[in-house]
$ cat input_20.pdb   # PDB, C-alpha atoms
ATOM      1  CA  MET A  21      17.554   7.643  -8.568  1.00  0.00           C
ATOM      2  CA  GLY A  22      16.474   7.691  -4.920  1.00  0.00           C
ATOM      3  CA  ASN A  23      13.827   5.656  -3.169  1.00  0.00           C
ATOM      4  CA  PHE A  24      11.344   8.523  -3.012  1.00  0.00           C
ATOM      5  CA  ASP A  25      11.745  10.097  -6.465  1.00  0.00           C
ATOM      6  CA  LYS A  26       8.828   8.526  -8.337  1.00  0.00           C
ATOM      7  CA  LEU A  27       5.426   8.987  -6.702  1.00  0.00           C
ATOM      8  CA  HIS A  28       3.153   6.060  -7.528  1.00  0.00           C
ATOM      9  CA  HIS A  29       0.064   6.182  -5.285  1.00  0.00           C
ATOM     10  CA  ILE A  30      -1.745   7.510  -2.254  1.00  0.00           C
ATOM     11  CA  CYS A  31      -3.614   4.987  -0.101  1.00  0.00           C
ATOM     12  CA  ILE A  32      -6.654   6.030   1.944  1.00  0.00           C
ATOM     13  CA  VAL A  33      -8.013   3.757   4.695  1.00  0.00           C
ATOM     14  CA  VAL A  34     -11.796   3.697   4.979  1.00  0.00           C
ATOM     15  CA  HIS A  35     -14.458   1.979   7.059  1.00  0.00           C
ATOM     16  CA  ASP A  36     -16.699   1.180   4.069  1.00  0.00           C
ATOM     17  CA  ILE A  37     -14.955   0.748   0.716  1.00  0.00           C
ATOM     18  CA  ASP A  38     -18.232   0.624  -1.263  1.00  0.00           C
ATOM     19  CA  LYS A  39     -19.442   3.894   0.256  1.00  0.00           C
ATOM     20  CA  ALA A  40     -16.066   5.579  -0.350  1.00  0.00           C
ATOM     21  CA  GLN A  41     -15.933   4.394  -3.962  1.00  0.00           C
ATOM     22  CA  ALA A  42     -19.502   5.609  -4.566  1.00  0.00           C
ATOM     23  CA  TYR A  43     -18.517   9.041  -3.247  1.00  0.00           C
ATOM     24  CA  TYR A  44     -15.455   9.280  -5.484  1.00  0.00           C
ATOM     25  CA  ASP A  45     -17.481   8.045  -8.468  1.00  0.00           C
ATOM     26  CA  SER A  46     -20.102  10.748  -7.760  1.00  0.00           C
ATOM     27  CA  ILE A  47     -17.483  13.502  -8.094  1.00  0.00           C
ATOM     28  CA  GLY A  48     -15.917  12.062 -11.234  1.00  0.00           C
ATOM     29  CA  ILE A  49     -12.965  10.126  -9.790  1.00  0.00           C
ATOM     30  CA  GLY A  50     -12.881   6.652 -11.324  1.00  0.00           C
ATOM     31  CA  PRO A  51     -13.131   4.056 -12.684  1.00  0.00           C
ATOM     32  CA  TRP A  52     -12.142   1.794  -9.814  1.00  0.00           C
ATOM     33  CA  GLU A  53     -11.020  -1.809  -9.955  1.00  0.00           C
ATOM     34  CA  ALA A  54     -10.297  -4.420  -7.316  1.00  0.00           C
ATOM     35  CA  TYR A  55      -6.604  -4.843  -6.599  1.00  0.00           C
ATOM     36  CA  PRO A  56      -5.408  -8.339  -7.513  1.00  0.00           C
ATOM     37  CA  PRO A  57      -5.568 -10.908  -4.707  1.00  0.00           C
ATOM     38  CA  LEU A  58      -3.003 -10.283  -2.008  1.00  0.00           C
ATOM     39  CA  ALA A  59      -2.261 -14.039  -2.010  1.00  0.00           C
ATOM     40  CA  GLU A  60       0.434 -13.446  -4.671  1.00  0.00           C
ATOM     41  CA  TYR A  61       2.813 -12.313  -1.911  1.00  0.00           C
ATOM     42  CA  GLU A  62       4.576 -15.493  -0.840  1.00  0.00           C
ATOM     43  CA  GLU A  63       7.023 -13.821   1.543  1.00  0.00           C
ATOM     44  CA  LEU A  64       5.170 -11.682   4.082  1.00  0.00           C
ATOM     45  CA  GLN A  65       6.330  -9.910   7.206  1.00  0.00           C
ATOM     46  CA  VAL A  66       3.147  -8.336   8.559  1.00  0.00           C
ATOM     47  CA  PRO A  67       1.408  -8.454  11.975  1.00  0.00           C
ATOM     48  CA  SER A  68      -1.256 -10.872  10.681  1.00  0.00           C
ATOM     49  CA  PRO A  69      -0.825 -12.570   7.279  1.00  0.00           C
ATOM     50  CA  ASP A  70      -4.505 -13.603   7.332  1.00  0.00           C
ATOM     51  CA  GLY A  71      -5.506 -10.036   8.163  1.00  0.00           C
ATOM     52  CA  PHE A  72      -3.317  -8.718   5.371  1.00  0.00           C
ATOM     53  CA  ARG A  73      -4.860 -11.053   2.826  1.00  0.00           C
ATOM     54  CA  ALA A  74      -8.373 -10.143   4.044  1.00  0.00           C
ATOM     55  CA  MET A  75      -7.914  -6.418   3.369  1.00  0.00           C
ATOM     56  CA  GLN A  76      -9.920  -5.042   0.470  1.00  0.00           C
ATOM     57  CA  TYR A  77      -8.181  -2.704  -1.952  1.00  0.00           C
ATOM     58  CA  ARG A  78      -9.572  -0.776  -4.898  1.00  0.00           C
ATOM     59  CA  ILE A  79      -7.435   1.291  -7.243  1.00  0.00           C
ATOM     60  CA  CYS A  80      -8.105   4.158  -9.622  1.00  0.00           C
ATOM     61  CA  ASN A  81      -5.408   4.921 -12.189  1.00  0.00           C
ATOM     62  CA  LEU A  82      -5.465   8.642 -12.912  1.00  0.00           C
ATOM     63  CA  PRO A  83      -3.156  10.120 -15.584  1.00  0.00           C
ATOM     64  CA  ASN A  84      -0.550  11.202 -13.024  1.00  0.00           C
ATOM     65  CA  ILE A  85      -1.084   9.007  -9.939  1.00  0.00           C
ATOM     66  CA  GLN A  86      -2.929   5.985  -8.606  1.00  0.00           C
ATOM     67  CA  LEU A  87      -5.426   6.385  -5.781  1.00  0.00           C
ATOM     68  CA  GLN A  88      -6.058   3.412  -3.530  1.00  0.00           C
ATOM     69  CA  LEU A  89      -8.870   2.728  -1.106  1.00  0.00           C
ATOM     70  CA  CYS A  90      -8.214   0.189   1.644  1.00  0.00           C
ATOM     71  CA  GLN A  91     -10.760  -1.376   3.968  1.00  0.00           C
ATOM     72  CA  PRO A  92      -8.787  -3.373   6.528  1.00  0.00           C
ATOM     73  CA  SER A  93     -10.231  -6.471   8.130  1.00  0.00           C
ATOM     74  CA  HIS A  94     -10.622  -6.586  11.903  1.00  0.00           C
ATOM     75  CA  ASP A  95      -7.390  -8.592  12.210  1.00  0.00           C
ATOM     76  CA  PRO A  96      -4.333  -6.774  13.603  1.00  0.00           C
ATOM     77  CA  SER A  97      -2.662  -4.436  11.119  1.00  0.00           C
ATOM     78  CA  PRO A  98      -1.233  -0.916  11.079  1.00  0.00           C
ATOM     79  CA  GLN A  99      -4.085   0.010   8.708  1.00  0.00           C
ATOM     80  CA  ARG A 100      -6.684  -1.213  11.246  1.00  0.00           C
ATOM     81  CA  ILE A 101      -4.897   0.592  14.089  1.00  0.00           C
ATOM     82  CA  GLN A 102      -4.893   3.877  12.169  1.00  0.00           C
ATOM     83  CA  LEU A 103      -8.565   3.515  11.275  1.00  0.00           C
ATOM     84  CA  ASP A 104      -9.496   2.771  14.899  1.00  0.00           C
ATOM     85  CA  THR A 105      -7.319   5.480  16.468  1.00  0.00           C
ATOM     86  CA  LYS A 106      -7.222   8.315  13.919  1.00  0.00           C
ATOM     87  CA  GLY A 107     -10.129   7.544  11.616  1.00  0.00           C
ATOM     88  CA  GLU A 108     -10.297   7.528   7.856  1.00  0.00           C
ATOM     89  CA  GLY A 109      -7.572   9.215   5.850  1.00  0.00           C
ATOM     90  CA  VAL A 110      -4.249   8.791   4.102  1.00  0.00           C
ATOM     91  CA  PHE A 111      -2.429   5.737   5.434  1.00  0.00           C
ATOM     92  CA  HIS A 112       0.585   5.690   3.144  1.00  0.00           C
ATOM     93  CA  ILE A 113       2.250   7.291   0.163  1.00  0.00           C
ATOM     94  CA  GLY A 114       3.783   4.819  -2.274  1.00  0.00           C
ATOM     95  CA  PHE A 115       6.840   5.288  -4.463  1.00  0.00           C
ATOM     96  CA  GLU A 116       7.852   3.105  -7.416  1.00  0.00           C
ATOM     97  CA  VAL A 117      11.385   1.671  -7.389  1.00  0.00           C
ATOM     98  CA  ARG A 118      13.178  -0.614  -9.814  1.00  0.00           C
ATOM     99  CA  ASP A 119      14.369  -3.122  -7.200  1.00  0.00           C
ATOM    100  CA  ALA A 120      12.353  -3.705  -4.002  1.00  0.00           C
ATOM    101  CA  ASP A 121      15.201  -5.360  -2.101  1.00  0.00           C
ATOM    102  CA  ALA A 122      17.793  -2.720  -3.039  1.00  0.00           C
ATOM    103  CA  ALA A 123      15.387   0.068  -2.078  1.00  0.00           C
ATOM    104  CA  GLU A 124      14.735  -1.549   1.299  1.00  0.00           C
ATOM    105  CA  THR A 125      18.462  -1.940   1.961  1.00  0.00           C
ATOM    106  CA  LYS A 126      19.094   1.710   1.043  1.00  0.00           C
ATOM    107  CA  ALA A 127      16.220   2.882   3.254  1.00  0.00           C
ATOM    108  CA  GLN A 128      17.599   0.932   6.210  1.00  0.00           C
ATOM    109  CA  THR A 129      21.062   2.391   5.535  1.00  0.00           C
ATOM    110  CA  ASP A 130      19.388   5.820   5.612  1.00  0.00           C
ATOM    111  CA  GLY A 131      17.978   5.009   9.061  1.00  0.00           C
ATOM    112  CA  LEU A 132      14.430   3.910   8.245  1.00  0.00           C
ATOM    113  CA  SER A 133      12.871   0.948  10.042  1.00  0.00           C
ATOM    114  CA  VAL A 134      10.759  -1.603   8.175  1.00  0.00           C
ATOM    115  CA  LEU A 135       7.138  -1.714   9.326  1.00  0.00           C
ATOM    116  CA  MET A 136       5.890  -4.429   6.919  1.00  0.00           C
ATOM    117  CA  ARG A 137       7.099  -6.083   3.729  1.00  0.00           C
ATOM    118  CA  GLY A 138       5.990  -8.497   1.070  1.00  0.00           C
ATOM    119  CA  ARG A 139       7.619 -10.107  -1.958  1.00  0.00           C
ATOM    120  CA  ARG A 140       6.347 -12.087  -4.892  1.00  0.00           C
ATOM    121  CA  GLU A 141       8.262 -15.053  -6.268  1.00  0.00           C
ATOM    122  CA  ASN A 142      10.060 -12.757  -8.762  1.00  0.00           C
ATOM    123  CA  ARG A 143      11.204 -10.448  -5.885  1.00  0.00           C
ATOM    124  CA  THR A 144       8.882  -7.585  -6.832  1.00  0.00           C
ATOM    125  CA  GLY A 145       6.756  -6.298  -3.987  1.00  0.00           C
ATOM    126  CA  PHE A 146       6.512  -3.690  -1.267  1.00  0.00           C
ATOM    127  CA  THR A 147       8.102  -2.365   1.901  1.00  0.00           C
ATOM    128  CA  TYR A 148       6.288  -0.089   4.368  1.00  0.00           C
ATOM    129  CA  TYR A 149       8.551   2.084   6.527  1.00  0.00           C
ATOM    130  CA  ASP A 150       7.862   3.186  10.102  1.00  0.00           C
ATOM    131  CA  THR A 151       7.775   6.895   9.257  1.00  0.00           C
ATOM    132  CA  ALA A 152       4.368   8.033  10.556  1.00  0.00           C
ATOM    133  CA  ASP A 153       5.602   9.434  13.874  1.00  0.00           C
ATOM    134  CA  SER A 154       8.440  11.414  12.290  1.00  0.00           C
ATOM    135  CA  GLY A 155       6.942  12.291   8.905  1.00  0.00           C
ATOM    136  CA  GLY A 156       3.200  12.254   9.546  1.00  0.00           C
ATOM    137  CA  VAL A 157       2.530   9.366   7.152  1.00  0.00           C
ATOM    138  CA  VAL A 158       3.812   5.886   6.336  1.00  0.00           C
ATOM    139  CA  LEU A 159       6.096   5.799   3.292  1.00  0.00           C
ATOM    140  CA  LEU A 160       6.241   2.761   1.036  1.00  0.00           C
ATOM    141  CA  THR A 161       8.504   1.587  -1.763  1.00  0.00           C
ATOM    142  CA  ARG A 162       7.222  -0.881  -4.323  1.00  0.00           C
ATOM    143  CA  SER A 163       8.395  -2.589  -7.453  1.00  0.00           C
ATOM    144  CA  THR A 164       5.851  -3.744  -9.992  1.00  0.00           C
ATOM    145  CA  PRO A 165       6.093  -6.996 -11.925  1.00  0.00           C
ATOM    146  CA  PRO A 166       7.080  -6.482 -15.566  1.00  0.00           C
ATOM    147  CA  ALA A 167       4.186  -6.300 -18.022  1.00  0.00           C
ATOM    148  CA  LYS A 168       3.373  -9.641 -19.616  1.00  0.00           C
TER     149      LYS A 168
END
$ encode --input "input_20.pdb" --output "structure tokens"
Amino acid sequence: MGNFDKLHHICIVVHDIDKAQAYYDSIGIGPWEAYPPLAEYEELQVPSPDGFRAMQYRICNLPNIQLQLCQPSHDPSPQRIQLDTKGEGVFHIGFEVRDADAAETKAQTDGLSVLMRGRRENRTGFTYYDTADSGGVVLLTRSTPPAK
């Protein structure tokens, strides 16, 4: 199985997460829930760890895909840069992988550069790749902690 075989989510950056959620609710897309605190990522390689942790995320689990809304803080981040330079819209497309570290290694072998990454204590987590200039959007691989 490749890194980009299993679509997991689409993440949309917005200026006002409450306003965006209200719009989606009004057209029947929901329910939404707050994404768990970003503090669970103990290993972070991002432009501003405080800015990363201050981002607000909401998720909506549809039958076939998860939608995410992201309101970045004003701290430096690729999400904030996109919002300020291109406006609201899709920031990244996320793909589920079994092993976050193996997926990142394979992606680098395939020539992709890491934009940001984060890992939990159990080594699950995410890697954003610097693909926007070549592919039009940031690609992300993520592994989810096992269900408890």
$ atom_distance --input "input_20.pdb" --atom1 "CA of Gln86 in chain A" --atom2 "CA of Val134 in chain A"
22.9 Å
$ closest_residue --input "input_20.pdb" --among "A:Pro67, A:Ser163, A:Asp104, A:Asn81" --to "Glu124 in chain A" --atoms "only C-alpha atoms"
A:Ser163
$ atom_distance --input "input_20.pdb" --atom1 "CA of Lys39 in chain A" --atom2 "CA of Gln102 in chain A"
18.8 Å
$ residues_around --input "input_20.pdb" --residues "Ser133 in chain A" --least-positions-apart "2" --cutoff "8 Å" --atoms "all atoms listed in the file" --output "list of chain:residue names"
A:Ala127, A:Gln128, A:Gly131, A:Leu135, A:Tyr149, A:Asp150, A:Thr151
$ closest_atom_pairs --input "input_20.pdb" --of "range 105-141 of chain A" --to "range 22-35 of chain A" --cutoff "8 Å" --atoms "all atoms listed in the file" --output "JSON lines"
{"residue": "A:Gly107", "atom": "CA", "partner": "A:Val34", "partner_atom": "CA", "distance": 7.9}
{"residue": "A:Glu108", "atom": "CA", "partner": "A:Val34", "partner_atom": "CA", "distance": 5.0}
{"residue": "A:Gly109", "atom": "CA", "partner": "A:Ile32", "partner_atom": "CA", "distance": 5.1}
{"residue": "A:Val110", "atom": "CA", "partner": "A:Ile32", "partner_atom": "CA", "distance": 4.3}
{"residue": "A:Phe111", "atom": "CA", "partner": "A:Ile32", "partner_atom": "CA", "distance": 5.5}
{"residue": "A:His112", "atom": "CA", "partner": "A:Cys31", "partner_atom": "CA", "distance": 5.4}
{"residue": "A:Ile113", "atom": "CA", "partner": "A:Ile30", "partner_atom": "CA", "distance": 4.7}
{"residue": "A:Gly114", "atom": "CA", "partner": "A:His29", "partner_atom": "CA", "distance": 5.0}
{"residue": "A:Phe115", "atom": "CA", "partner": "A:Leu27", "partner_atom": "CA", "distance": 4.5}
{"residue": "A:Glu116", "atom": "CA", "partner": "A:His28", "partner_atom": "CA", "distance": 5.6}
{"residue": "A:Val117", "atom": "CA", "partner": "A:Asn23", "partner_atom": "CA", "distance": 6.3}
{"residue": "A:Ala123", "atom": "CA", "partner": "A:Asn23", "partner_atom": "CA", "distance": 5.9}
{"residue": "A:Lys126", "atom": "CA", "partner": "A:Asn23", "partner_atom": "CA", "distance": 7.8}
{"residue": "A:Ala127", "atom": "CA", "partner": "A:Asn23", "partner_atom": "CA", "distance": 7.4}
$ atom_distance --input "input_20.pdb" --atom1 "CA of Arg139 in chain A" --atom2 "CA of Glu62 in chain A"
6.3 Å
$ residues_around --input "input_20.pdb" --residues "Pro96 in chain A" --least-positions-apart "3" --cutoff "12 Å" --atoms "all atoms listed in the file" --output "number ranges by chain"
A: 66-75, 92-93, 99-104
$ axis_aligned_box --input "input_20.pdb" --around "range 143-158 of chain A" --padding-each-side "6 Å" --output "JSON"
{"center_x": 6.9, "center_y": 0.9, "center_z": 3.5, "size_x": 20.7, "size_y": 34.7, "size_z": 32.7}
$ closest_residue --input "input_20.pdb" --among "A:Ser97, A:Leu89, A:Asp36, A:Thr161" --to "Ala122 in chain A" --atoms "only C-alpha atoms"
A:Thr161
$ residues_around --input "input_20.pdb" --residues "Tyr44 in chain A" --least-positions-apart "2" --cutoff "12 Å" --atoms "only C-alpha atoms" --output "CSV table (one decimal) with C-alpha atoms, keeping the file's coordinate frame"
chain,number,residue,atom,x,y,z
A,32,ILE,CA,-6.7,6.0,1.9
A,37,ILE,CA,-15.0,0.7,0.7
A,38,ASP,CA,-18.2,0.6,-1.3
A,39,LYS,CA,-19.4,3.9,0.3
A,40,ALA,CA,-16.1,5.6,-0.4
A,41,GLN,CA,-15.9,4.4,-4.0
A,42,ALA,CA,-19.5,5.6,-4.6
A,46,SER,CA,-20.1,10.7,-7.8
A,47,ILE,CA,-17.5,13.5,-8.1
A,48,GLY,CA,-15.9,12.1,-11.2
A,49,ILE,CA,-13.0,10.1,-9.8
A,50,GLY,CA,-12.9,6.7,-11.3
A,51,PRO,CA,-13.1,4.1,-12.7
A,52,TRP,CA,-12.1,1.8,-9.8
A,78,ARG,CA,-9.6,-0.8,-4.9
A,79,ILE,CA,-7.4,1.3,-7.2
A,80,CYS,CA,-8.1,4.2,-9.6
A,87,LEU,CA,-5.4,6.4,-5.8
A,88,GLN,CA,-6.1,3.4,-3.5
A,89,LEU,CA,-8.9,2.7,-1.1
